[in-house]
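Q: The structure file structure.csv (CSV, C-alpha atoms) is provided below.
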chain,number,residue,atom,x,y,z
W,21,LYS,CA,153.2,-145.3,123.2
W,22,HIS,CA,150.3,-142.8,123.0
W,23,ARG,CA,148.3,-142.0,126.1
W,24,ARG,CA,144.6,-142.4,125.7
W,25,ILE,CA,142.2,-140.3,127.6
W,26,LEU,CA,138.4,-140.4,127.9
W,27,PHE,CA,137.2,-137.0,126.9
W,28,LEU,CA,134.3,-135.6,128.7
W,29,ASN,CA,133.2,-138.7,130.4
W,30,GLU,CA,129.7,-138.3,131.8
W,31,ARG,CA,130.7,-139.1,135.4
W,32,HIS,CA,134.2,-137.5,135.7
W,33,SER,CA,134.3,-134.6,133.3
W,34,SER,CA,135.5,-131.2,134.6
W,35,PHE,CA,135.2,-129.5,131.2
W,36,LEU,CA,132.1,-127.6,130.3
W,37,CYS,CA,130.1,-129.2,133.0
W,38,PRO,CA,128.6,-126.4,135.1
W,39,MET,CA,126.1,-128.7,136.9
W,40,GLN,CA,127.1,-130.5,140.0
W,41,TYR,CA,130.7,-130.5,138.9
W,42,SER,CA,130.9,-126.7,138.4
W,43,TRP,CA,133.2,-126.1,141.4
W,44,VAL,CA,136.2,-127.5,139.4
W,45,PHE,CA,135.8,-124.9,136.6
W,46,PRO,CA,137.5,-121.6,137.2
W,47,PHE,CA,135.0,-119.3,135.5
W,48,PRO,CA,132.4,-117.0,137.1
W,49,MET,CA,129.3,-118.9,138.1
W,50,HIS,CA,127.0,-116.0,137.0
W,51,LYS,CA,127.9,-116.8,133.4
W,52,LEU,CA,126.1,-120.2,133.5
W,53,PHE,CA,122.8,-118.6,132.7
W,54,PRO,CA,121.5,-120.7,129.8
W,55,LEU,CA,122.5,-124.1,131.2
W,56,GLU,CA,120.1,-126.3,133.2
W,57,MET,CA,121.5,-126.8,136.6
W,58,GLY,CA,121.5,-130.2,138.2
W,59,LEU,CA,121.6,-132.3,135.0
W,60,PRO,CA,124.5,-134.5,133.9
W,61,PRO,CA,126.4,-133.5,130.7
W,62,ALA,CA,124.9,-134.9,127.5
W,63,TYR,CA,128.2,-135.5,125.8
W,64,PRO,CA,128.8,-138.9,124.4
W,65,GLU,CA,132.0,-140.6,125.6
W,66,LYS,CA,134.8,-139.7,123.2
W,67,GLU,CA,138.2,-141.3,123.2
W,68,MET,CA,141.1,-139.2,121.8
W,69,THR,CA,144.8,-140.0,121.5
W,70,SER,CA,147.1,-137.2,122.6
W,71,MET,CA,148.9,-135.6,119.7
W,72,ASN,CA,147.8,-138.4,117.3
W,73,ALA,CA,144.0,-138.3,117.5
W,74,PRO,CA,142.3,-140.2,114.6
W,75,GLU,CA,139.6,-137.5,114.5
W,76,PRO,CA,140.1,-133.9,115.5
W,77,TYR,CA,138.0,-132.3,118.2
W,78,ARG,CA,135.4,-130.1,116.4
W,79,VAL,CA,134.0,-126.8,117.6
W,80,LEU,CA,131.1,-124.9,116.0
W,81,PHE,CA,130.5,-121.2,116.7
W,82,VAL,CA,127.0,-120.0,116.2
W,83,CYS,CA,125.3,-116.6,116.0
W,84,LEU,CA,122.1,-115.3,114.2
W,85,GLY,CA,123.2,-114.8,110.6
W,86,ASN,CA,126.8,-116.0,110.5
W,87,ILE,CA,128.2,-112.7,109.2
W,88,CYS,CA,129.5,-111.0,112.3
W,89,ARG,CA,130.1,-112.8,115.6
W,90,SER,CA,130.4,-116.4,114.7
W,91,PRO,CA,132.7,-116.0,111.7
W,92,ALA,CA,134.8,-113.7,113.8
W,93,ALA,CA,135.1,-116.4,116.5
W,94,GLU,CA,136.0,-118.9,113.9
W,95,ILE,CA,138.8,-116.7,112.4
W,96,ILE,CA,140.2,-115.8,115.9
W,97,PHE,CA,140.0,-119.4,117.2
W,98,LYS,CA,141.6,-120.8,114.0
W,99,LYS,CA,144.5,-118.4,114.2
W,100,MET,CA,145.1,-119.3,117.8
W,101,VAL,CA,145.0,-123.0,117.0
W,102,ALA,CA,147.4,-122.6,114.1
W,103,GLU,CA,149.9,-120.5,116.1
W,104,GLN,CA,150.2,-123.5,118.5
W,105,GLY,CA,150.4,-126.1,115.7
W,106,LEU,CA,147.2,-127.9,116.7
W,107,GLU,CA,145.3,-127.8,113.4
W,108,HIS,CA,145.4,-131.6,113.2
W,109,LEU,CA,143.8,-131.9,116.7
W,110,VAL,CA,141.3,-129.1,116.8
W,111,GLU,CA,139.0,-127.9,114.0
W,112,SER,CA,136.4,-125.2,113.9
W,113,ASP,CA,133.6,-123.9,111.8
W,114,SER,CA,130.8,-121.3,112.2
W,115,ALA,CA,127.1,-121.1,111.2
W,116,GLY,CA,124.0,-119.0,111.7
W,117,MET,CA,120.5,-119.8,113.0
W,118,ILE,CA,119.0,-118.2,109.9
W,119,GLY,CA,119.9,-118.7,106.3
W,120,TYR,CA,119.2,-115.2,105.1
W,121,HIS,CA,122.9,-114.5,104.5
W,122,ARG,CA,123.7,-117.9,103.0
W,123,GLY,CA,126.8,-117.6,100.9
W,124,CYS,CA,127.7,-114.1,102.0
W,125,PRO,CA,131.1,-113.1,103.3
W,126,PRO,CA,131.4,-111.7,106.8
W,127,ASP,CA,130.2,-108.1,107.4
W,128,SER,CA,132.9,-105.6,106.1
W,129,ARG,CA,132.8,-103.8,109.5
W,130,MET,CA,133.7,-107.0,111.3
W,131,LEU,CA,136.5,-107.7,108.9
W,132,THR,CA,137.8,-104.2,109.5
W,133,ALA,CA,137.8,-104.7,113.2
W,134,LEU,CA,139.5,-108.1,112.9
W,135,LYS,CA,142.2,-106.6,110.6
W,136,LYS,CA,142.9,-104.0,113.3
W,137,TYR,CA,143.7,-106.8,115.7
W,138,GLY,CA,145.8,-108.8,113.3
W,139,TYR,CA,143.3,-111.2,111.7
W,140,GLU,CA,142.9,-111.7,108.0
W,141,ASP,CA,139.8,-112.8,106.1
W,142,PRO,CA,140.2,-116.4,104.9
W,143,GLY,CA,137.2,-116.1,102.6
W,144,LEU,CA,134.5,-117.5,104.8
W,145,LYS,CA,130.9,-117.8,103.5
W,146,SER,CA,127.8,-117.8,105.7
W,147,ARG,CA,125.8,-121.0,106.1
W,148,PRO,CA,122.9,-121.9,108.3
W,149,VAL,CA,123.1,-124.5,111.2
W,150,ARG,CA,122.1,-128.0,110.1
W,151,LYS,CA,120.5,-130.6,112.4
W,152,GLU,CA,123.4,-132.9,111.7
W,153,ASP,CA,125.8,-130.3,113.2
W,154,LEU,CA,124.5,-131.2,116.6
W,155,GLU,CA,125.9,-134.7,116.2
W,156,GLN,CA,129.0,-134.0,114.1
W,157,PHE,CA,130.5,-131.3,116.3
W,158,ASP,CA,131.9,-132.0,119.8
W,159,LEU,CA,131.2,-128.5,121.1
W,160,ILE,CA,128.6,-125.9,119.9
W,161,VAL,CA,129.2,-122.4,121.2
W,162,GLY,CA,126.3,-119.9,121.0
W,163,MET,CA,126.9,-116.1,121.1
W,164,ASP,CA,123.7,-115.1,123.0
W,165,ARG,CA,120.7,-116.5,124.8
W,166,GLU,CA,118.6,-116.5,121.7
W,167,ASN,CA,121.1,-118.6,119.8
W,168,LEU,CA,121.4,-121.1,122.7
W,169,ARG,CA,117.6,-121.4,122.9
W,170,ASP,CA,117.2,-121.9,119.2
W,171,LEU,CA,120.0,-124.5,119.2
W,172,LYS,CA,118.3,-126.4,122.0
W,173,ARG,CA,115.1,-126.4,120.0
W,174,LEU,CA,116.9,-128.1,117.2
W,175,ASP,CA,117.8,-130.9,119.6
W,176,LYS,CA,114.2,-132.1,120.0
W,177,LYS,CA,115.2,-135.2,122.0
W,178,GLY,CA,117.6,-133.4,124.3
W,179,GLN,CA,120.4,-135.7,123.1
W,180,TRP,CA,123.1,-133.1,122.6
W,181,THR,CA,122.2,-130.5,125.2
W,182,GLY,CA,125.5,-130.8,126.9
W,183,LYS,CA,127.3,-129.7,123.8
W,184,ILE,CA,125.6,-126.4,123.7
W,185,VAL,CA,127.4,-123.7,125.7
W,186,PRO,CA,127.6,-119.8,125.7
W,187,MET,CA,130.7,-118.1,124.4
W,188,CYS,CA,130.8,-115.8,127.5
W,189,PHE,CA,131.2,-118.9,129.6
W,190,PHE,CA,134.9,-118.7,128.7
W,191,THR,CA,135.4,-114.9,129.0
W,192,THR,CA,137.2,-113.8,132.2
W,193,ARG,CA,138.2,-110.2,131.4
W,194,PHE,CA,134.8,-108.8,130.6
W,195,PRO,CA,131.5,-108.8,132.6
W,196,ASP,CA,129.3,-109.5,129.5
W,197,GLU,CA,127.0,-112.5,129.7
W,198,GLU,CA,126.4,-112.5,126.0
W,199,VAL,CA,128.4,-111.5,122.9
W,200,PRO,CA,126.3,-108.5,121.7
W,201,ASP,CA,125.2,-108.3,118.1
W,202,PRO,CA,127.1,-105.3,116.7
W,203,TYR,CA,125.2,-105.3,113.4
W,204,TYR,CA,123.1,-102.2,114.1
W,205,GLY,CA,125.8,-100.2,116.0
W,206,GLY,CA,129.0,-98.4,115.3
W,207,GLN,CA,132.5,-99.7,114.7
W,208,GLU,CA,133.3,-99.6,118.4
W,209,GLY,CA,130.8,-102.4,118.8
W,210,PHE,CA,132.6,-104.6,116.4
W,211,GLU,CA,135.9,-104.0,118.1
W,212,HIS,CA,134.4,-104.9,121.5
W,213,VAL,CA,133.2,-108.2,120.0
W,214,VAL,CA,136.7,-108.9,118.7
W,215,LYS,CA,138.1,-108.3,122.2
W,216,LEU,CA,135.4,-110.5,123.8
W,217,LEU,CA,136.1,-113.3,121.4
W,218,GLN,CA,139.8,-113.1,121.8
W,219,ASP,CA,139.4,-113.6,125.5
W,220,GLY,CA,136.8,-116.4,125.2
W,221,CYS,CA,138.6,-118.3,122.4
W,222,GLY,CA,141.9,-118.1,124.2
W,223,ASN,CA,140.4,-119.6,127.4
W,224,LEU,CA,138.5,-122.2,125.4
W,225,LEU,CA,141.7,-123.4,123.6
W,226,GLU,CA,143.6,-123.5,126.9
W,227,ARG,CA,140.9,-125.7,128.4
W,228,LEU,CA,140.9,-128.0,125.5
W,229,LYS,CA,144.7,-128.3,125.7
W,230,GLU,CA,144.4,-129.3,129.3
W,231,GLN,CA,141.8,-132.0,128.5
W,232,LEU,CA,143.8,-133.3,125.6
W,233,SER,CA,147.0,-133.2,127.5
W,234,LEU,CA,148.7,-131.1,124.9
Would you write out, as structure tokens, the structure that this file holds?

A:
Amino acid sequence: KHRRILFLNERHSSFLCPMQYSWVFPFPMHKLFPLEMGLPPAYPEKEMTSMNAPEPYRVLFVCLGNICRSPAAEIIFKKMVAEQGLEHLVESDSAGMIGYHRGCPPDSRMLTALKKYGYEDPGLKSRPVRKEDLEQFDLIVGMDRENLRDLKRLDKKGQWTGKIVPMCFFTTRFPDEEVPDPYYGGQEGFEHVVKLLQDGCGNLLERLKEQLSL
């Protein structure tokens, strides 16, 4: 007999709900910068079945061009999910706010940094965010303030605002409030991004496991 839980119920959620419920979330309050305080979460109610969910929980990572930060987050998160055998329950993708790099692989400097920390290139290709992503994904994780602002502009009716959260909301080992864009910097910037994303993705997955009773 499978246990059924109501995931992110509007009245009782403790996950990704930094408004009046924020006291139950063990992450630094100063990292809630882009989220409107005092508003209820905009998640639709979603039922999931522990270990046998008919539809996986879907996470979308977003940066500007989808060649540095967000593909790195996808690669890191996917490996963490696979290592715990949760691929059938948690899926992820990445996209960019602009389509300039559409069809391009991740930046070679990012791939070099990822390889140093044990991550392989699965052959990702850049794509822009689509309006339907706001509905189709359960969680949309932006890398910086600009990404979050642009994502919310896509949500003209404010229907999916509660799905849009900052990556650094999940980081606990670094003071960064944004994942910096390493594109115009040196290799150390790419490595810092990898470490930030390892921290954030690990905490995100642990929180999902708690909510899904895994």

Q: Show which residues sit within 12 Å of Phe194 (chain W), as a list in words. Count all atoms listed in the file, and ignore same-chain residues fewer than 3 positions away.

A: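 Everything that qualifies: Phe47, Pro48, Lys51, Met187, Cys188, Phe189, Phe190, Thr191, Glu197, Glu198, Val199, His212, Val213, Lys215, Leu216, Leu217, Gln218, Asp219 and Gly220 of chain W.
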
Q: Pick out the residues sitting within 8 Å of Asp158 (chain W), and hand them over as an MDAnalysis selection string; count all atoms listed in the file, and ignore anything fewer than 2 positions along from it in its own chain.

A: chainID W and resid 63 77:79 155:156 160 183

Q: Could you tell me how far CA of Ser128 (chain W) lies from CA of Val214 (chain W), in Å and to one decimal?

A: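 About the pair CA of Ser128 (chain W) and CA of Val214 (chain W): they are 13.6 Å apart.
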
Q: For the atom pair CA of Pro91 (chain W) and CA of Gly138 (chain W), what is the interatomic distance in Å to one decimal place?

A: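 According to the coordinates, CA of Pro91 (chain W) and CA of Gly138 (chain W) are separated by 15.0 Å.
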
Q: Using only C-alpha atoms, which of the listed residues (W:Met117, W:Val161, W:Leu224, W:Pro195) sits closest to Phe97 (chain W)?

A: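 Once distances to Phe97 (chain W) are computed over only C-alpha atoms, the minimum belongs to W:Leu224.
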
Q: What's the separation between CA of Met100 (chain W) and CA of Ser112 (chain W), in Å to one decimal place?

A: 11.2 Å

Q: Measuring between only C-alpha atoms, which one of W:Leu109, W:Val185, W:Ala92, W:Met163 shows the shortest distance to Arg129 (chain W)?

A: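 Looking at the shortest contact to Arg129 (chain W), the residue is W:Ala92.
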
Q: So which one's closest to Cys83 (chain W), W:Lys172, W:Arg165, W:Arg227, W:Arg193? Using all atoms listed in the file, please.

A: W:Arg165

Q: With all atoms listed in the file as the atoms that count, which of W:Glu208, W:Glu94, W:Glu107, W:Asp153 lies nearest to Pro76 (chain W)?

A: W:Glu107

Q: Could you give me region 196-219 of chain W completed to N, CA, C and O atoms, formatted as a compact mmCIF listing (two decimals), in the coordinates of the input?

A:
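Contents of result-v2.txt, freshly written:
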# COMPACT_ATOMS: atom_id res chain seq x y z
N ASP W 196 130.42 -109.14 130.39
CA ASP W 196 129.30 -109.50 129.50
C ASP W 196 128.89 -110.92 129.68
O ASP W 196 129.71 -111.83 129.75
N GLU W 197 127.58 -111.14 129.69
CA GLU W 197 127.00 -112.50 129.70
C GLU W 197 126.64 -113.00 128.36
O GLU W 197 126.31 -114.17 128.20
N GLU W 198 126.67 -112.13 127.38
CA GLU W 198 126.40 -112.50 126.00
C GLU W 198 127.41 -111.73 125.11
O GLU W 198 127.93 -110.68 125.50
N VAL W 199 127.64 -112.27 123.92
CA VAL W 199 128.40 -111.50 122.90
C VAL W 199 127.37 -110.68 122.17
O VAL W 199 126.52 -111.22 121.45
N PRO W 200 127.37 -109.36 122.34
CA PRO W 200 126.30 -108.50 121.70
C PRO W 200 126.41 -108.51 120.22
O PRO W 200 127.50 -108.57 119.65
N ASP W 201 125.26 -108.43 119.58
CA ASP W 201 125.20 -108.30 118.10
C ASP W 201 125.57 -106.90 117.73
O ASP W 201 124.83 -105.96 118.05
N PRO W 202 126.67 -106.71 117.02
CA PRO W 202 127.10 -105.30 116.70
C PRO W 202 126.48 -104.80 115.40
O PRO W 202 126.77 -103.67 115.00
N TYR W 203 125.62 -105.58 114.76
CA TYR W 203 125.20 -105.30 113.40
C TYR W 203 124.56 -103.88 113.26
O TYR W 203 124.81 -103.19 112.27
N TYR W 204 123.77 -103.44 114.23
CA TYR W 204 123.10 -102.20 114.10
C TYR W 204 123.79 -101.03 114.83
O TYR W 204 123.24 -99.93 114.97
N GLY W 205 125.02 -101.27 115.27
CA GLY W 205 125.80 -100.20 116.00
C GLY W 205 126.95 -99.73 115.20
O GLY W 205 127.08 -99.95 114.00
N GLY W 206 127.81 -99.02 115.90
CA GLY W 206 129.00 -98.40 115.30
C GLY W 206 130.19 -99.36 115.31
O GLY W 206 130.13 -100.49 115.81
N GLN W 207 131.30 -98.86 114.79
CA GLN W 207 132.50 -99.70 114.70
C GLN W 207 133.05 -100.09 116.03
O GLN W 207 133.63 -101.17 116.16
N GLU W 208 132.83 -99.27 117.05
CA GLU W 208 133.30 -99.60 118.40
C GLU W 208 132.67 -100.93 118.89
O GLU W 208 133.29 -101.70 119.64
N GLY W 209 131.43 -101.18 118.46
CA GLY W 209 130.80 -102.40 118.80
C GLY W 209 131.42 -103.64 118.25
O GLY W 209 131.54 -104.68 118.91
N PHE W 210 131.86 -103.53 117.02
CA PHE W 210 132.60 -104.60 116.40
C PHE W 210 133.90 -104.90 117.05
O PHE W 210 134.31 -106.06 117.23
N GLU W 211 134.59 -103.83 117.42
CA GLU W 211 135.90 -104.00 118.10
C GLU W 211 135.70 -104.62 119.48
O GLU W 211 136.53 -105.43 119.91
N HIS W 212 134.64 -104.25 120.16
CA HIS W 212 134.40 -104.90 121.50
C HIS W 212 134.13 -106.37 121.30
O HIS W 212 134.62 -107.17 122.11
N VAL W 213 133.40 -106.74 120.27
CA VAL W 213 133.20 -108.20 120.00
C VAL W 213 134.47 -108.89 119.76
O VAL W 213 134.68 -110.01 120.27
N VAL W 214 135.36 -108.30 118.99
CA VAL W 214 136.70 -108.90 118.70
C VAL W 214 137.40 -109.17 120.03
O VAL W 214 137.96 -110.26 120.26
N LYS W 215 137.42 -108.19 120.91
CA LYS W 215 138.10 -108.30 122.20
C LYS W 215 137.48 -109.40 123.07
O LYS W 215 138.19 -110.19 123.72
N LEU W 216 136.16 -109.42 123.09
CA LEU W 216 135.40 -110.50 123.80
C LEU W 216 135.82 -111.86 123.31
O LEU W 216 136.10 -112.78 124.08
N LEU W 217 135.81 -112.00 121.99
CA LEU W 217 136.10 -113.30 121.40
C LEU W 217 137.54 -113.71 121.56
O LEU W 217 137.83 -114.91 121.70
N GLN W 218 138.45 -112.76 121.54
CA GLN W 218 139.80 -113.10 121.80
C GLN W 218 139.99 -113.70 123.21
O GLN W 218 140.68 -114.70 123.41
N ASP W 219 139.34 -113.07 124.16
CA ASP W 219 139.40 -113.60 125.50
C ASP W 219 138.74 -114.96 125.63
O ASP W 219 139.36 -115.90 126.15
